[in-house]
Amino acid sequence: MSTSTWTTDALTTERLTLRPWQVDDAQAALDVYGHAEVTRWLSPDMDRVPDLAAMRLLLQQWSAEGARFPAPAGRWAVQRNSDDRVVGGAVLLPLPPGNEDLEIGWQLRPDAWGNGYATETTYALARWAFSQNVHEIFAVVRPGNVRAAATVRKNGMHWVGETTKYFGVELQVFRLRTADLDPAAPTALRPPGGD
Ligand SMILES: CC(C)(COP(=O)(O)OP(=O)(O)OC[C@H]1O[C@@H](n2cnc3c(N)ncnc32)[C@H](O)[C@@H]1OP(=O)(O)O)[C@@H](O)C(=O)NCCC(=O)NCCS
């Protein structure tokens, strides 16, 4: 990982802007992390955020935590360009215990599922990570999280295996390497001849 500091730069895709969370996003963030359908799949376990005050506190913690992790790690709000609405969050975070593997993760509000936003986010975050001297990123998926498993496979991530080493719970591990990036591109960005 590079030693540069936490990025505050936004990453822009065709339909989305990935930008740092702000405490003022608390309501929009609660619409994501206040949903048990979202938090039940997160690793490590994350309780559903119960109210606005708790969400504000969490956003403050995330902001403070940012200083601890060097780029390209980060937490981003995923904002839709067409209406500037926050549709979810995404992370690149070091996986414990070694903090060497970098996890990509997404949390979309359920009414935003099924639009390819996680796919578009993956491509943007992978390009960002690979531009920062990182050569592989990982997704860790709870068995039974069918949507997440579909997303990672669709994005060109490769099956690594199952492990309990990260958080003490069984997780399916997928990896995306630099050379896999083209298959992760949203269709419009793939080279000619790609499917
Ligand atoms: C996992 C999660 C991010 C996946 O969201 P998603 O919207 O299904 O993911 P994708 O971006 O891959 O979208 C794929 C769907 O969008 C559809 N889609 C529509 N337009 C699309 C486009 N332009 N490009 C790609 N897919 C598109 C696909 O057909 C597919 O639909 P389907 O699920 O009906 O087959 C979401 O379910 C979520 O937030 N879950 C809770 C938290 C979680 O589990 N996080 C992951 C932990 S590992």
# chains A, B, ... in the order shown; residues from 1 in each chain; ligands from 1
>>> residues_around(residues="A:Ile104", least_positions_apart="6", cutoff="7 Å", atoms="only C-alpha atoms", output="list in words")
Val91, Leu92, Leu93, Ile137, Phe138 and Ala139 of chain A
>>> residues_around(residues="A:Ala129", least_positions_apart="5", cutoff="10 Å", atoms="only C-alpha atoms", output="list in words")
Met1, Ser2, Ala71, Pro72, Ala73, Leu92, Leu102, Ile104, Tyr123, Ala124, Val134, His135, Glu136, Ile137 and Thr178 of chain A
>>> write_last_selection(atoms="C-alpha atoms", output="short mmCIF file (atom, residue, chain, number, x, y, z; two decimals), in the first residue's frame")
data_model
loop_
_atom_site.label_atom_id
_atom_site.label_comp_id
_atom_site.auth_asym_id
_atom_site.auth_seq_id
_atom_site.Cartn_x
_atom_site.Cartn_y
_atom_site.Cartn_z
CA MET A 1 0.00 0.00 0.00
CA SER A 2 1.21 3.54 -0.65
CA ALA A 71 -4.60 5.45 0.75
CA PRO A 72 -6.06 3.75 -1.16
CA ALA A 73 -8.16 2.65 1.81
CA LEU A 92 -11.73 -0.25 0.69
CA LEU A 102 -7.53 -4.85 1.05
CA ILE A 104 -13.74 -3.98 -1.20
CA TYR A 123 -14.68 -0.74 -11.29
CA ALA A 124 -14.03 2.77 -9.94
CA VAL A 134 -2.04 -2.17 -4.95
CA HIS A 135 -2.13 -5.25 -7.16
CA GLU A 136 -5.11 -7.16 -5.79
CA ILE A 137 -8.25 -6.49 -3.80
CA THR A 178 -4.93 -5.87 -11.97
#
>>> closest_residue(among="A:Val78, A:Met46, A:Val173, A:Val86", to="A:Ala28", atoms="only C-alpha atoms")
A:Val86
>>> select_by_dssp(residues="stretch 64-155 of chain A", states="strand (DSSP E)", output="short mmCIF file (atom, residue, chain, number, x, y, z; two decimals) with C-alpha atoms, in the first residue's frame")
data_model
loop_
_atom_site.label_atom_id
_atom_site.label_comp_id
_atom_site.auth_asym_id
_atom_site.auth_seq_id
_atom_site.Cartn_x
_atom_site.Cartn_y
_atom_site.Cartn_z
CA GLY A 74 -11.27 4.65 2.45
CA ARG A 75 -15.00 4.87 3.00
CA TRP A 76 -17.13 6.57 0.41
CA ALA A 77 -20.70 7.72 0.10
CA VAL A 78 -22.09 6.55 -3.23
CA GLN A 79 -24.09 9.37 -4.73
CA ARG A 80 -26.20 9.09 -7.88
CA VAL A 86 -26.87 8.99 -1.73
CA VAL A 87 -27.76 5.41 -2.70
CA GLY A 88 -25.21 3.66 -0.51
CA GLY A 89 -21.70 3.36 0.78
CA ALA A 90 -18.56 1.59 -0.32
CA VAL A 91 -15.28 0.75 1.36
CA LEU A 92 -11.73 -0.25 0.69
CA LEU A 93 -10.40 -1.35 4.06
CA PRO A 94 -7.47 -3.44 5.27
CA LEU A 102 -7.53 -4.85 1.05
CA GLU A 103 -11.26 -5.55 1.15
CA ILE A 104 -13.74 -3.98 -1.20
CA GLY A 105 -17.29 -3.77 0.11
CA TRP A 106 -20.59 -2.14 -0.81
CA GLN A 107 -23.72 -1.29 1.10
CA LEU A 108 -26.58 -0.09 -1.06
CA GLU A 136 -5.11 -7.16 -5.79
CA ILE A 137 -8.25 -6.49 -3.80
CA PHE A 138 -10.52 -8.96 -2.03
CA ALA A 139 -14.20 -9.34 -1.35
CA VAL A 140 -15.31 -11.42 1.63
CA VAL A 141 -18.85 -12.72 1.30
#
>>> closest_atom_pairs(of="chain A", to="ligand 1", cutoff="9 Å", atoms="only C-alpha atoms and all ligand atoms", output="CSV")
residue,atom,partner,partner_atom_place_in_ligand_line,distance
A:Val32,CA,ligand 1,39 (O),8.2
A:His35,CA,ligand 1,41 (C),8.9
A:Ala36,CA,ligand 1,41 (C),8.7
A:Glu37,CA,ligand 1,41 (C),6.2
A:Val38,CA,ligand 1,41 (C),3.7
A:Thr39,CA,ligand 1,42 (C),6.2
A:Arg40,CA,ligand 1,42 (C),7.4
A:Trp41,CA,ligand 1,44 (O),4.6
A:Leu42,CA,ligand 1,47 (C),5.2
A:Ser43,CA,ligand 1,47 (C),7.1
A:Gly88,CA,ligand 1,39 (O),7.4
A:Gly89,CA,ligand 1,39 (O),8.4
A:Ala90,CA,ligand 1,3 (C),8.7
A:Ile104,CA,ligand 1,48 (S),8.0
A:Gly105,CA,ligand 1,46 (C),5.6
A:Trp106,CA,ligand 1,3 (C),4.8
A:Gln107,CA,ligand 1,39 (O),3.7
A:Leu108,CA,ligand 1,39 (O),3.6
A:Arg109,CA,ligand 1,39 (O),6.1
A:Pro110,CA,ligand 1,39 (O),6.6
A:Asp111,CA,ligand 1,7 (O),8.9
A:Ala112,CA,ligand 1,7 (O),6.4
A:Trp113,CA,ligand 1,7 (O),3.3
A:Gly114,CA,ligand 1,16 (O),3.3
A:Asn115,CA,ligand 1,19 (C),3.6
A:Gly116,CA,ligand 1,11 (O),3.0
A:Tyr117,CA,ligand 1,11 (O),4.1
A:Ala118,CA,ligand 1,11 (O),3.4
A:Thr119,CA,ligand 1,11 (O),4.0
A:Glu120,CA,ligand 1,11 (O),6.5
A:Thr121,CA,ligand 1,11 (O),7.7
A:Thr122,CA,ligand 1,11 (O),8.4
A:Ala139,CA,ligand 1,48 (S),6.1
A:Val140,CA,ligand 1,48 (S),5.4
A:Val141,CA,ligand 1,48 (S),4.2
A:Arg142,CA,ligand 1,48 (S),6.6
A:Asn145,CA,ligand 1,44 (O),6.1
A:Val146,CA,ligand 1,1 (C),8.0
A:Arg147,CA,ligand 1,1 (C),5.1
A:Ala148,CA,ligand 1,1 (C),3.8
A:Ala149,CA,ligand 1,48 (S),7.5
A:Ala150,CA,ligand 1,12 (O),6.6
A:Thr151,CA,ligand 1,12 (O),3.9
A:Val152,CA,ligand 1,12 (O),7.3
A:Arg153,CA,ligand 1,12 (O),8.9
A:Lys154,CA,ligand 1,12 (O),6.9
A:Asn155,CA,ligand 1,12 (O),7.6
A:Gln172,CA,ligand 1,48 (S),8.9
A:Pro186,CA,ligand 1,24 (N),6.1
A:Thr187,CA,ligand 1,24 (N),7.0
A:Ala188,CA,ligand 1,23 (N),8.8
>>> select_by_dssp(residues="stretch 69-184 of chain A", states="alpha helix (DSSP H)", output="list in words")
Tyr117, Ala118, Thr119, Glu120, Thr121, Thr122, Tyr123, Ala124, Leu125, Ala126, Arg127, Trp128, Ala129, Phe130, Val146, Arg147, Ala148, Ala149, Ala150, Thr151, Val152, Arg153, Lys154, Leu181, Asp182, Pro183 and Ala184 of chain A
>>> atom_distance(atom1="atom CA of A:Arg175", atom2="atom CA of A:Thr13")
21.9 Å
>>> closest_residue(among="A:Ala126, A:Leu181, A:Leu30, A:Leu95", to="A:Lys165", atoms="only C-alpha atoms")
A:Leu95
>>> closest_residue(among="A:Trp159, A:Pro143, A:Ala54, A:Phe174", to="A:Asp101", atoms="only C-alpha atoms")
A:Phe174
>>> atom_distance(atom1="atom CA of A:Asp51", atom2="atom CA of A:Arg85")
19.4 Å
>>> atom_distance(atom1="atom CA of A:Leu52", atom2="atom CA of A:Gly34")
9.1 Å
